[in-house]
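K.L.:
Okay, so here is structure.txt, and as you'll see once you scroll down, it has compact mmCIF, C-alpha atoms.
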```txt
# COMPACT_ATOMS: atom_id res chain seq x y z
CA MET E 14 161.46 123.40 130.31
CA SER E 15 164.17 120.87 129.58
CA THR E 16 166.80 123.59 129.49
CA GLY E 17 165.68 124.93 132.86
CA ALA E 18 165.61 121.46 134.35
CA GLY E 19 169.13 120.77 133.05
CA THR E 20 170.38 124.02 134.50
CA SER E 21 168.75 123.23 137.85
CA GLN E 22 170.29 119.75 137.92
CA LYS E 23 173.70 121.19 137.05
CA ALA E 24 173.42 123.78 139.81
CA THR E 25 172.35 121.13 142.29
CA ARG E 26 175.25 118.91 141.28
CA THR E 27 177.71 121.81 141.60
CA MET E 28 176.42 122.66 145.08
CA GLY E 29 176.72 119.04 146.09
CA GLU E 30 180.31 118.90 144.85
CA GLU E 31 181.15 122.09 146.79
CA ARG E 32 179.65 120.64 149.98
CA ALA E 33 181.61 117.43 149.46
CA ALA E 34 184.81 119.40 148.92
CA ASP E 35 184.19 121.36 152.11
CA THR E 36 183.64 118.17 154.14
CA LEU E 37 186.66 117.40 156.29
CA PRO E 38 187.53 113.68 156.25
CA GLY E 39 187.69 111.93 159.61
CA ASP E 40 191.03 111.17 161.26
CA LEU E 41 190.66 107.44 160.61
CA THR E 42 189.96 108.06 156.93
CA MET E 43 193.00 110.28 156.67
CA THR E 44 195.15 107.81 158.56
CA ARG E 45 194.21 105.00 156.20
CA ARG E 46 195.31 107.11 153.24
CA LEU E 47 198.41 108.50 154.91
CA TRP E 48 199.69 105.50 156.87
CA PRO E 49 203.02 105.15 154.97
CA LEU E 50 203.72 108.86 155.50
CA LEU E 51 202.78 108.73 159.17
CA LEU E 52 204.88 105.61 159.75
CA ALA E 53 207.83 107.20 157.96
CA SER E 54 207.52 110.32 160.13
CA ALA E 55 207.72 108.11 163.22
CA VAL E 56 210.73 106.18 161.90
CA GLY E 57 212.54 109.45 161.22
CA LEU E 58 212.70 110.15 164.96
CA LEU E 59 214.15 106.77 165.92
CA PRO E 60 217.86 107.05 164.96
CA PHE E 61 218.65 109.90 167.36
CA THR E 62 216.34 108.39 170.00
CA VAL E 63 218.45 105.20 169.94
CA PHE E 64 221.61 107.32 170.02
CA SER E 65 220.46 109.33 173.04
CA THR E 66 219.01 106.37 174.94
CA TYR E 67 222.14 104.23 174.58
CA LEU E 68 224.71 107.02 174.66
CA VAL E 69 226.83 105.39 177.36
CA PRO E 70 227.23 101.95 175.73
CA ILE E 71 227.73 103.59 172.33
CA ALA E 72 230.53 105.73 173.80
CA ASP E 73 232.11 102.62 175.35
CA GLU E 74 231.90 100.71 172.08
CA SER E 75 233.56 103.52 170.13
CA GLY E 76 236.27 104.07 172.73
CA SER E 77 235.16 107.65 173.30
CA SER E 78 233.88 109.58 176.30
CA VAL E 79 230.20 110.22 176.92
CA ALA E 80 230.78 113.98 176.64
CA ALA E 81 232.56 113.68 173.30
CA MET E 82 229.97 111.28 171.93
CA GLY E 83 227.09 113.43 173.16
CA GLY E 84 228.62 116.41 171.40
CA LEU E 85 228.21 114.61 168.08
CA ARG E 86 224.46 115.08 168.42
CA GLY E 87 225.08 118.75 167.79
CA LEU E 88 226.56 117.88 164.40
CA GLY E 89 223.21 116.43 163.43
CA GLY E 90 221.44 119.66 164.32
CA LEU E 91 223.98 121.68 162.35
CA ALA E 92 223.60 119.39 159.34
CA ALA E 93 219.80 119.68 159.59
CA LEU E 94 220.01 123.48 159.69
CA LEU E 95 222.30 123.70 156.65
CA ALA E 96 220.60 121.00 154.58
CA GLY E 97 217.09 122.17 155.43
CA THR E 98 217.83 125.72 154.35
CA ALA E 99 219.92 124.88 151.28
CA LEU E 100 217.56 122.21 149.93
CA ALA E 101 214.28 123.97 150.77
CA PRO E 102 213.37 125.07 147.21
CA LEU E 103 214.35 121.68 145.79
CA ILE E 104 211.63 119.89 147.76
CA ASP E 105 209.07 121.68 145.57
CA ARG E 106 210.87 120.73 142.36
CA VAL E 107 210.47 116.94 142.64
CA PRO E 108 207.50 114.77 143.67
CA ARG E 109 207.22 114.83 147.47
CA GLU E 110 207.35 111.04 147.69
CA TRP E 111 210.67 111.04 145.84
CA ALA E 112 212.12 113.55 148.27
CA ALA E 113 210.80 111.58 151.26
CA ALA E 114 212.13 108.32 149.81
CA GLY E 115 215.52 109.97 149.36
CA GLY E 116 215.49 111.08 153.00
CA LEU E 117 214.60 107.54 154.10
CA GLY E 118 217.43 106.18 151.96
CA VAL E 119 219.89 108.48 153.71
CA LEU E 120 218.55 107.30 157.08
CA ALA E 121 218.96 103.67 156.02
CA VAL E 122 222.61 104.23 155.09
CA SER E 123 223.40 106.31 158.17
CA THR E 124 221.88 103.86 160.67
CA ALA E 125 223.73 100.96 159.06
CA LEU E 126 226.98 102.93 159.46
CA GLY E 127 226.15 103.82 163.06
CA ALA E 128 225.54 100.19 163.98
CA SER E 129 229.26 99.50 163.41
CA GLY E 130 230.15 101.39 166.58
CA GLU E 131 233.24 102.97 164.99
CA TYR E 132 233.82 106.57 166.04
CA LEU E 133 234.31 108.00 162.54
CA LEU E 134 231.27 106.16 161.26
CA LEU E 135 229.25 107.49 164.18
CA VAL E 136 230.30 111.00 163.14
CA ALA E 137 228.98 110.21 159.66
CA PHE E 138 225.84 108.77 161.28
CA CYS E 139 225.05 112.02 163.10
CA LEU E 140 225.71 114.20 160.07
CA LEU E 141 223.67 112.04 157.70
CA VAL E 142 220.74 111.59 160.07
CA GLY E 143 220.53 115.35 160.53
CA ALA E 144 220.64 116.00 156.80
CA GLY E 145 218.25 113.15 156.02
CA THR E 146 215.57 114.22 158.46
CA ALA E 147 215.88 117.83 157.23
CA VAL E 148 214.55 116.57 153.89
CA LEU E 149 212.33 113.77 155.16
CA ASN E 150 210.12 115.64 157.64
CA PRO E 151 209.05 118.60 155.46
CA ALA E 152 208.62 116.31 152.44
CA LEU E 153 206.32 114.01 154.42
CA THR E 154 204.30 116.91 155.79
CA ALA E 155 203.91 118.46 152.35
CA ALA E 156 203.07 115.08 150.78
CA ALA E 157 200.35 114.51 153.36
CA ALA E 158 198.88 117.93 152.63
CA ASP E 159 199.06 117.33 148.87
CA ARG E 160 196.85 114.26 149.21
CA PHE E 161 193.98 116.52 150.32
CA GLY E 162 194.33 119.54 148.05
CA THR E 163 194.82 123.09 149.32
CA GLY E 164 192.10 123.75 151.91
CA LYS E 165 191.49 122.79 155.50
CA ALA E 166 191.79 119.07 154.83
CA ALA E 167 195.34 119.66 153.57
CA SER E 168 196.43 121.51 156.71
CA ARG E 169 194.70 118.89 158.87
CA ALA E 170 196.66 116.15 157.11
CA ALA E 171 199.88 118.08 157.78
CA THR E 172 199.07 118.37 161.48
CA LEU E 173 198.44 114.61 161.64
CA VAL E 174 202.08 114.14 160.64
CA THR E 175 203.28 116.45 163.42
CA ALA E 176 200.94 114.75 165.93
CA THR E 177 202.40 111.38 164.97
CA GLN E 178 205.89 112.72 165.55
CA SER E 179 204.96 114.05 168.98
CA MET E 180 203.43 110.69 169.91
CA THR E 181 206.56 108.92 168.71
CA ALA E 182 208.78 111.22 170.76
CA MET E 183 206.75 110.27 173.83
CA LEU E 184 206.76 106.50 173.22
CA ALA E 185 209.99 105.89 171.30
CA ALA E 186 212.28 105.25 174.27
CA PRO E 187 210.29 102.34 175.78
CA VAL E 188 209.48 100.99 172.31
CA ILE E 189 213.13 100.71 171.30
CA ALA E 190 214.21 99.47 174.75
CA LEU E 191 212.26 96.20 174.51
CA PRO E 192 213.80 94.96 171.22
CA ALA E 193 217.23 96.07 172.41
CA VAL E 194 217.01 93.46 175.18
CA LEU E 195 217.22 90.84 172.42
CA TRP E 196 219.64 92.39 169.94
CA GLY E 197 221.21 95.46 171.60
CA TRP E 198 221.36 99.01 170.32
CA GLU E 199 223.16 97.84 167.19
CA GLY E 200 220.14 95.70 166.33
CA ASP E 201 217.85 98.68 166.86
CA LEU E 202 219.81 100.73 164.32
CA LEU E 203 219.88 97.89 161.79
CA ALA E 204 216.12 97.44 162.23
CA VAL E 205 215.59 101.15 161.57
CA SER E 206 217.76 100.81 158.46
CA ALA E 207 215.67 97.93 157.12
CA VAL E 208 212.34 99.62 157.86
CA SER E 209 213.55 102.87 156.25
CA LEU E 210 214.43 101.06 153.03
CA LEU E 211 211.09 99.26 153.00
CA LEU E 212 209.16 102.49 153.52
CA ALA E 213 211.17 104.21 150.77
CA VAL E 214 210.02 101.51 148.35
CA VAL E 215 206.41 101.83 149.56
CA LEU E 216 206.41 105.61 149.08
CA LEU E 217 207.79 105.31 145.56
CA ALA E 218 205.17 102.68 144.72
CA ARG E 219 202.31 104.74 146.17
CA ARG E 220 203.28 108.00 144.48
CA ALA E 221 200.24 109.91 143.22
CA PRO E 222 199.58 109.28 139.49
CA SER E 223 200.97 111.80 137.01
CA GLY E 224 198.72 114.78 136.41
CA THR E 225 197.19 114.91 139.88
CA ALA E 226 197.05 118.01 142.04
CA ALA E 227 200.15 116.86 143.89
CA ASP E 228 202.17 116.78 140.68
CA GLU E 229 200.73 120.07 139.51
CA GLU E 230 201.82 121.73 142.77
CA ALA E 231 205.31 120.27 142.46
CA ASP E 232 205.54 121.54 138.90
CA GLY E 233 204.26 124.94 139.99
CA GLY E 234 206.97 125.26 142.62
CA GLY E 235 209.60 124.30 140.03
CA LYS E 236 208.74 127.25 137.79
CA LEU E 237 210.58 129.58 140.14
CA SER E 238 214.34 129.81 140.22
CA TYR E 239 216.24 128.79 143.33
CA LEU E 240 216.58 132.30 144.80
CA ALA E 241 213.15 133.33 143.54
CA SER E 242 211.61 130.63 145.72
CA PHE E 243 213.01 132.28 148.83
CA LYS E 244 211.85 135.71 147.63
CA ALA E 245 208.37 134.40 146.90
CA LEU E 246 208.10 132.90 150.39
CA ALA E 247 209.26 136.15 151.99
CA ALA E 248 206.59 138.05 150.05
CA MET E 249 203.71 135.79 151.12
CA ARG E 250 201.43 137.22 153.75
CA GLY E 251 202.54 136.39 157.29
CA VAL E 252 205.04 133.65 156.36
CA VAL E 253 208.14 135.32 157.82
CA PRO E 254 206.46 135.99 161.21
CA LEU E 255 205.24 132.38 161.26
CA LEU E 256 208.76 131.07 160.64
CA LEU E 257 210.08 133.35 163.40
CA ILE E 258 207.39 132.06 165.78
CA SER E 259 208.40 128.45 165.10
CA LEU E 260 212.06 129.23 165.76
CA LEU E 261 211.38 131.08 169.01
CA ARG E 262 208.78 128.56 170.21
CA THR E 263 211.23 125.73 169.69
CA ALA E 264 213.98 127.67 171.46
CA VAL E 265 211.77 128.18 174.51
CA PHE E 266 210.34 124.66 174.69
CA MET E 267 213.53 122.74 173.97
CA GLY E 268 215.55 125.00 176.26
CA TYR E 269 212.92 124.49 178.96
CA LEU E 270 213.08 120.71 178.49
CA ALA E 271 216.88 120.75 178.62
CA TYR E 272 216.81 121.95 182.25
CA LEU E 273 213.54 120.35 183.34
CA ALA E 274 215.09 117.38 185.14
CA ALA E 275 217.56 119.61 186.98
CA TYR E 276 214.74 121.91 188.06
CA TYR E 277 212.58 119.12 189.49
CA ASP E 278 215.60 117.60 191.21
CA SER E 279 216.82 120.81 192.84
CA ARG E 280 213.42 122.20 193.80
CA PHE E 281 211.35 119.09 194.56
CA GLN E 282 214.04 116.38 194.97
CA LEU E 283 212.49 114.09 192.35
CA ASP E 284 214.70 111.15 191.45
CA PRO E 285 214.97 109.96 187.82
CA GLY E 286 212.27 107.34 188.33
CA LEU E 287 209.68 109.85 189.48
CA PHE E 288 210.82 112.43 186.97
CA SER E 289 210.07 109.97 184.15
CA LEU E 290 206.39 110.41 185.10
CA VAL E 291 206.77 114.17 184.71
CA TRP E 292 208.30 113.62 181.29
CA THR E 293 205.40 111.38 180.33
CA LEU E 294 202.92 114.03 181.54
CA SER E 295 204.59 116.66 179.38
CA GLY E 296 204.75 114.42 176.31
CA ALA E 297 201.15 113.28 176.64
CA SER E 298 199.94 116.86 177.07
CA PHE E 299 201.78 117.93 173.93
CA PHE E 300 200.47 115.02 171.86
CA VAL E 301 196.81 115.37 172.87
CA SER E 302 196.86 119.15 172.46
CA ASN E 303 198.58 118.96 169.08
CA LEU E 304 196.10 116.37 167.81
CA CYS E 305 193.03 118.28 169.05
CA THR E 306 194.26 121.66 167.83
CA GLY E 307 194.85 120.31 164.34
CA ARG E 308 191.28 119.03 164.27
CA LEU E 309 189.77 122.19 165.78
CA THR E 310 191.50 124.72 163.55
CA ASN E 311 190.73 122.76 160.40
CA SER E 312 187.09 121.93 161.07
CA ALA E 313 184.40 123.03 158.64
CA GLN E 314 183.20 125.78 160.98
CA PRO E 315 185.94 126.52 163.54
CA GLY E 316 184.83 128.31 166.67
CA VAL E 317 188.01 130.40 166.74
CA HIS E 318 190.27 131.68 163.96
CA THR E 319 193.61 129.89 163.70
CA GLU E 320 195.49 133.20 164.01
CA HIS E 321 193.66 134.03 167.21
CA LEU E 322 194.29 130.58 168.65
CA LEU E 323 197.97 131.07 167.85
CA VAL E 324 197.97 134.22 170.00
CA LEU E 325 196.12 132.45 172.83
CA GLY E 326 198.60 129.59 172.75
CA LEU E 327 201.54 131.95 173.07
CA LEU E 328 199.86 133.84 175.91
CA ALA E 329 199.42 130.54 177.77
CA ALA E 330 203.03 129.60 177.03
CA LEU E 331 204.26 132.95 178.37
CA ALA E 332 202.24 132.72 181.59
CA SER E 333 203.13 129.07 182.23
CA VAL E 334 206.87 129.32 181.59
CA VAL E 335 207.28 132.39 183.81
CA GLY E 336 205.07 131.05 186.58
CA PHE E 337 206.74 127.64 186.47
CA TYR E 338 210.12 128.90 187.63
CA PHE E 339 208.66 130.80 190.58
CA THR E 340 206.45 128.08 192.05
CA HIS E 341 207.52 126.00 195.04
CA TRP E 342 204.41 123.81 195.21
CA LEU E 343 204.75 120.51 193.36
CA PRO E 344 201.09 120.12 192.26
CA LEU E 345 201.12 123.62 190.73
CA ALA E 346 204.44 122.88 189.02
CA LEU E 347 202.92 119.76 187.46
CA VAL E 348 199.89 121.70 186.25
CA LEU E 349 202.15 124.34 184.70
CA THR E 350 204.29 121.62 183.10
CA SER E 351 201.21 120.16 181.44
CA LEU E 352 199.89 123.60 180.43
CA HIS E 353 203.23 124.66 178.98
CA ALA E 354 203.51 121.54 176.81
CA ALA E 355 199.88 121.87 175.68
CA SER E 356 200.29 125.54 174.78
CA HIS E 357 203.37 124.82 172.67
CA ALA E 358 201.45 122.08 170.88
CA VAL E 359 198.72 124.60 170.07
CA VAL E 360 201.27 127.02 168.63
CA ALA E 361 203.01 124.30 166.63
CA ALA E 362 199.75 123.02 165.09
CA CYS E 363 198.57 126.55 164.24
CA ALA E 364 201.89 127.47 162.63
CA VAL E 365 201.95 124.36 160.44
CA SER E 366 198.30 124.80 159.44
CA LEU E 367 198.83 128.42 158.42
CA LEU E 368 202.03 127.68 156.50
CA VAL E 369 200.35 124.89 154.55
CA ARG E 370 197.33 127.05 153.69
CA ARG E 371 199.22 130.20 152.78
CA CYS E 372 202.19 128.84 150.86
CA GLY E 373 200.35 126.80 148.23
CA THR E 374 202.81 125.37 145.73
CA LEU E 375 205.74 126.45 147.91
CA ARG E 376 204.56 124.64 151.03
CA GLY E 377 207.46 122.17 150.82
CA SER E 378 210.00 124.99 150.82
CA ALA E 379 208.23 126.74 153.69
CA LEU E 380 208.08 123.58 155.80
CA SER E 381 211.75 122.84 155.10
CA ILE E 382 212.84 126.32 156.24
CA ASN E 383 210.50 125.95 159.20
CA ALA E 384 212.22 122.70 160.20
CA ALA E 385 215.65 124.27 159.75
CA GLY E 386 214.63 127.18 161.96
CA MET E 387 213.47 124.76 164.62
CA SER E 388 216.87 123.02 164.49
CA LEU E 389 218.47 126.39 165.13
CA GLY E 390 215.97 127.00 167.93
CA VAL E 391 217.14 123.90 169.79
CA PHE E 392 220.63 125.34 170.13
CA VAL E 393 219.50 128.89 170.82
CA GLY E 394 217.16 127.76 173.59
CA ALA E 395 219.69 125.54 175.35
CA ALA E 396 222.43 128.19 175.12
CA LEU E 397 220.34 131.13 176.30
CA GLY E 398 218.65 129.06 179.00
CA GLY E 399 222.05 128.03 180.33
CA LEU E 400 223.21 131.64 180.26
CA GLY E 401 220.17 132.77 182.23
CA LEU E 402 220.60 129.95 184.74
CA GLY E 403 224.28 130.73 185.24
CA LEU E 404 223.77 134.46 185.73
CA ALA E 405 220.57 134.61 187.79
CA GLY E 406 219.37 131.08 188.57
CA TYR E 407 215.84 130.07 187.71
CA PRO E 408 214.55 133.66 187.69
CA GLY E 409 217.12 134.27 184.96
CA VAL E 410 215.76 131.30 183.00
CA ALA E 411 212.24 132.67 183.40
CA LEU E 412 213.41 136.05 182.09
CA VAL E 413 215.12 134.54 179.05
CA PHE E 414 212.29 132.24 178.04
CA GLY E 415 209.66 134.83 178.88
CA THR E 416 211.39 137.38 176.63
CA LEU E 417 211.66 134.93 173.73
CA THR E 418 207.98 134.03 174.09
CA ALA E 419 207.01 137.71 174.22
CA VAL E 420 208.84 138.33 170.94
CA ALA E 421 207.01 135.37 169.40
CA LEU E 422 203.75 136.82 170.71
CA GLY E 423 204.50 140.10 168.96
CA ALA E 424 205.07 138.20 165.71
CA ALA E 425 201.75 136.39 166.24
CA PHE E 426 199.93 139.73 166.46
CA LEU E 427 201.50 140.60 163.10
CA VAL E 428 200.18 137.35 161.64
CA SER E 429 196.72 138.03 163.05
CA ARG E 430 196.65 141.66 161.90
CA ARG E 431 197.73 140.85 158.36
CA SER E 432 195.11 138.12 158.10
CA GLY E 433 192.41 140.80 158.05
CA GLY E 434 190.42 138.92 160.69
CA THR E 435 190.09 135.76 158.60
CA ASP E 436 191.53 132.35 158.92
CA GLY E 437 193.96 132.91 156.15
CA GLY E 438 192.70 130.94 153.23
CA GLU E 439 190.55 128.34 154.85
CA GLY E 440 188.12 128.56 152.03
CA ASP E 441 190.01 126.80 149.29
CA GLY E 442 193.57 127.79 149.86
CA SER E 443 194.14 128.46 146.21
CA SER E 444 194.05 132.20 146.50
CA GLU E 445 196.73 132.13 149.13
CA ALA E 446 199.17 130.36 146.86
CA GLY E 447 199.54 133.37 144.69
CA THR E 448 199.30 136.06 147.33
CA SER E 449 202.37 138.26 147.46
CA ASP E 450 201.44 140.85 150.03
CA ALA E 451 204.47 142.26 151.78
CA VAL E 452 205.23 140.92 155.20
```
Let me see the structure of the file written as structure tokens.

P.N.:
Amino acid sequence: MSTGAGTSQKATRTMGEERAADTLPGDLTMTRRLWPLLLASAVGLLPFTVFSTYLVPIADESGSSVAAMGGLRGLGGLAALLAGTALAPLIDRVPREWAAAGGLGVLAVSTALGASGEYLLLVAFCLLVGAGTAVLNPALTAAAADRFGTGKAASRAATLVTATQSMTAMLAAPVIALPAVLWGWEGDLLAVSAVSLLLAVVLLARRAPSGTAADEEADGGGKLSYLASFKALAAMRGVVPLLLISLLRTAVFMGYLAYLAAYYDSRFQLDPGLFSLVWTLSGASFFVSNLCTGRLTNSAQPGVHTEHLLVLGLLAALASVVGFYFTHWLPLALVLTSLHAASHAVVAACAVSLLVRRCGTLRGSALSINAAGMSLGVFVGAALGGLGLGLAGYPGVALVFGTLTAVALGAAFLVSRRSGGTDGGEGDGSSEAGTSDAV
């Protein structure tokens, strides 16, 4: 009798622990645990936001032209591409908080240099900010996921980081403009430097204790050699198509945004003041969609598989970007602008969720390569969009971006087919870490 009762109590306790493990924490609970990571992800976007917002006075201060100074922004993207790819395996070899703190330290140094206004130091600023964020962003995303294990809660935590970044991108310009009234753009950069150093100290102090799952994952990633890490990622089910989708999605969206103001000006004669409302509409649509998608795809019982939602998001992106360039009715153009931003947010959230679930101990490496690919996508999108515009006007832009989205859609079908009709490791995520099915 006592043995049976003990067995029954043990079984009941085990079932209770499984139900507790399957329970997805609320967003507020996650935010309270992740606030240093979320704040650091927001701060990481500020240096280049200050640089872009105050490009004209910065160019005047340095004695350079606006065109020459604006071109330095490309150096940051190049540095992010190279550093993100080269350092990808290393992010899984050290505690995530250490990597993130290192990225924040680089940002602190670079923004202090940029505040001088000297041309050569501004060159260093752009290079260092690009390299620093290439380490910071994937390390923060992986660290957030590590706090919640390997299942749906982990991928939800990762999407909270990306949602915070999208919110910051929408609000950063007015936020930095108000303090700049008091201390100028130089003061903004020095403030970012100080906050970056403070957050680096906080992250080091709040590092998960030795022996936790976060440390075990970091140690697991370190067992592979440098090149073996890349090979292991390439062998994981669906990872290469997901990375390709992120690159192409970024190329389409950032290329589309690069010519958005010109489109609304030439077709609907919107001045910069009115266009700022369009920009806000796009940013708000992206943020809300990204936040909701992360919650939906990582719920205990999702109504739609993440892989299928990825396909739906790309279908919406394809329809909206092609239709956008052929409409001559302003209300419809605004609807398509909102839909296009929302659809890209869906794709972005799905891609991050699936990478976090499927890559296990190599999630830091995967997210780093993902970020590097997105840096490349920014340049590819702007270049190809400009080529299409120059050769065939806005129909040419629609053809270019439609083609890129169609290729991404084909990759999404590969991801969905290779998932076998499942959500790709939503159960516990652990089995996905060791999966080496060929892509």

K.L.:
Go through E:His353, E:Gly164, E:Ala245, E:Leu117 one by one, measure the shortest atom-to-atom distance of each to E:Gly296 using all atoms listed in the file, and give the residue with the smallest value.

P.N.:
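Nearest candidate to E:Gly296 out of E:His353, E:Gly164, E:Ala245, E:Leu117: E:His353.
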
K.L.:
Calculated over only C-alpha atoms, which of the candidates E:Leu309, E:Tyr338, E:Leu141, E:Ser242 has the smallest distance to E:Gly406?

P.N.:
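Under the stated criterion, the closest residue is E:Tyr338.
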
K.L.:
Given all atoms listed in the file as the basis, pick out the residue of E:Gly373, E:Gly286, E:Gly145, E:Gly336 nearest to E:Ala167.

P.N.:
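Answer, going by the shortest atom-to-atom distance: E:Gly373.
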
K.L.:
Given all atoms listed in the file as the basis, pick out the residue of E:Ala396, E:Leu402, E:Leu380, E:Ala170 nearest to E:Ala275.

P.N.:
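Answer, going by the shortest atom-to-atom distance: E:Leu402.
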
K.L.:
For a quick check of understanding, using only C-alpha atoms, which of E:Trp111, E:Phe61, E:Phe339, E:Phe288 has the smallest distance to E:Ala155?

P.N.:
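Using only C-alpha atoms, the shortest distance to E:Ala155 belongs to E:Trp111.
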
K.L.:
Output as lines of an AutoDock Vina configuration file the centre and edge lengths (Å, one decimal) of the box along x, y and z of the file that holds every listed atom of stretch 341-349 of chain E after adding 4 Å on each side.

P.N.:
```
center_x = 203.7
center_y = 122.9
center_z = 190.0
size_x = 15.6
size_y = 14.2
size_z = 18.5
```

K.L.:
Please indicate the distance in Å from atom CA of E:Thr181 to atom CA of E:Leu343, rounded to one decimal place.

P.N.:
27.3 Å

K.L.:
What lies within 10 Å of stretch 187-192 of chain E using all atoms listed in the file, ignoring chain neighbours under 3 positions off, as a JSON list (two decimals) with C-alpha atoms, in the coordinates of the input?

P.N.:
```
[["chain", "number", "residue", "atom", "x", "y", "z"],
["E", 59, "LEU", "CA", 214.15, 106.77, 165.92],
["E", 62, "THR", "CA", 216.34, 108.39, 170.00],
["E", 63, "VAL", "CA", 218.45, 105.20, 169.94],
["E", 66, "THR", "CA", 219.01, 106.37, 174.94],
["E", 67, "TYR", "CA", 222.14, 104.23, 174.58],
["E", 181, "THR", "CA", 206.56, 108.92, 168.71],
["E", 183, "MET", "CA", 206.75, 110.27, 173.83],
["E", 184, "LEU", "CA", 206.76, 106.50, 173.22],
["E", 195, "LEU", "CA", 217.22, 90.84, 172.42],
["E", 196, "TRP", "CA", 219.64, 92.39, 169.94],
["E", 197, "GLY", "CA", 221.21, 95.46, 171.60],
["E", 198, "TRP", "CA", 221.36, 99.01, 170.32],
["E", 200, "GLY", "CA", 220.14, 95.70, 166.33],
["E", 201, "ASP", "CA", 217.85, 98.68, 166.86],
["E", 202, "LEU", "CA", 219.81, 100.73, 164.32],
["E", 204, "ALA", "CA", 216.12, 97.44, 162.23]]
```

K.L.:
Give me the residues within 10 Å of E:Ser206 as a PyMOL selection string, counting all atoms listed in the file and dropping any in the same chain fewer than 3 places off.

P.N.:
chain E and resi 56+60+117-126+128+200-203+209-211

K.L.:
Using all atoms listed in the file, can you tell me which of E:Gly268, E:Ala419, E:Ser366, E:Cys139 comes closest to E:Leu322?

P.N.:
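For E:Leu322, the nearest of the candidates is E:Ser366.
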
K.L.:
Go through stretch 319-394 of chain E and flag each residue having an atom no more than 12 Å from stretch 69-90 of chain E; for those, report the closest pair of atoms plus their distance in Å to one decimal, using only C-alpha atoms, ordered by chain and rising number, as JSON lines.

P.N.:
```
{"residue": "E:Ala384", "atom": "CA", "partner": "E:Gly90", "partner_atom": "CA", "distance": 10.5}
{"residue": "E:Ala385", "atom": "CA", "partner": "E:Gly90", "partner_atom": "CA", "distance": 8.7}
{"residue": "E:Gly386", "atom": "CA", "partner": "E:Gly90", "partner_atom": "CA", "distance": 10.4}
{"residue": "E:Met387", "atom": "CA", "partner": "E:Gly90", "partner_atom": "CA", "distance": 9.5}
{"residue": "E:Ser388", "atom": "CA", "partner": "E:Gly90", "partner_atom": "CA", "distance": 5.7}
{"residue": "E:Leu389", "atom": "CA", "partner": "E:Gly90", "partner_atom": "CA", "distance": 7.4}
{"residue": "E:Gly390", "atom": "CA", "partner": "E:Gly90", "partner_atom": "CA", "distance": 9.8}
{"residue": "E:Val391", "atom": "CA", "partner": "E:Gly90", "partner_atom": "CA", "distance": 8.1}
{"residue": "E:Phe392", "atom": "CA", "partner": "E:Gly90", "partner_atom": "CA", "distance": 8.2}
{"residue": "E:Val393", "atom": "CA", "partner": "E:Gly90", "partner_atom": "CA", "distance": 11.5}
```

K.L.:
Rounded to one decimal in Å, what is the spacing between atom CA of E:Ala156 and atom CA of E:Thr177?

P.N.:
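Here the two named atoms are 14.7 Å from each other.
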
K.L.:
Leaving out E:Gly398 and any residue of its chain fewer than 6 positions from it, which residues lie within 12 Å of it when counting all atoms listed in the file, given as a PyMOL selection string?

P.N.:
chain E and resi 264-273+390-392+404-417

K.L.:
Go ahead and write the selection's residues with C-alpha atoms as a PDB file, keeping the file's coordinate frame.

P.N.:
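The resulting file, again.pdb, is reproduced below:
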```
ATOM      1  CA  ALA E 264     213.980 127.670 171.460  1.00  0.00           C
ATOM      2  CA  VAL E 265     211.770 128.180 174.510  1.00  0.00           C
ATOM      3  CA  PHE E 266     210.340 124.660 174.690  1.00  0.00           C
ATOM      4  CA  MET E 267     213.530 122.740 173.970  1.00  0.00           C
ATOM      5  CA  GLY E 268     215.550 125.000 176.260  1.00  0.00           C
ATOM      6  CA  TYR E 269     212.920 124.490 178.960  1.00  0.00           C
ATOM      7  CA  LEU E 270     213.080 120.710 178.490  1.00  0.00           C
ATOM      8  CA  ALA E 271     216.880 120.750 178.620  1.00  0.00           C
ATOM      9  CA  TYR E 272     216.810 121.950 182.250  1.00  0.00           C
ATOM     10  CA  LEU E 273     213.540 120.350 183.340  1.00  0.00           C
ATOM     11  CA  GLY E 390     215.970 127.000 167.930  1.00  0.00           C
ATOM     12  CA  VAL E 391     217.140 123.900 169.790  1.00  0.00           C
ATOM     13  CA  PHE E 392     220.630 125.340 170.130  1.00  0.00           C
ATOM     14  CA  LEU E 404     223.770 134.460 185.730  1.00  0.00           C
ATOM     15  CA  ALA E 405     220.570 134.610 187.790  1.00  0.00           C
ATOM     16  CA  GLY E 406     219.370 131.080 188.570  1.00  0.00           C
ATOM     17  CA  TYR E 407     215.840 130.070 187.710  1.00  0.00           C
ATOM     18  CA  PRO E 408     214.550 133.660 187.690  1.00  0.00           C
ATOM     19  CA  GLY E 409     217.120 134.270 184.960  1.00  0.00           C
ATOM     20  CA  VAL E 410     215.760 131.300 183.000  1.00  0.00           C
ATOM     21  CA  ALA E 411     212.240 132.670 183.400  1.00  0.00           C
ATOM     22  CA  LEU E 412     213.410 136.050 182.090  1.00  0.00           C
ATOM     23  CA  VAL E 413     215.120 134.540 179.050  1.00  0.00           C
ATOM     24  CA  PHE E 414     212.290 132.240 178.040  1.00  0.00           C
ATOM     25  CA  GLY E 415     209.660 134.830 178.880  1.00  0.00           C
ATOM     26  CA  THR E 416     211.390 137.380 176.630  1.00  0.00           C
ATOM     27  CA  LEU E 417     211.660 134.930 173.730  1.00  0.00           C
TER      28      LEU E 417
END
```

K.L.:
By how many Å are atom CA of E:Val334 and atom CA of E:Leu260 apart?

P.N.:
16.7 Å
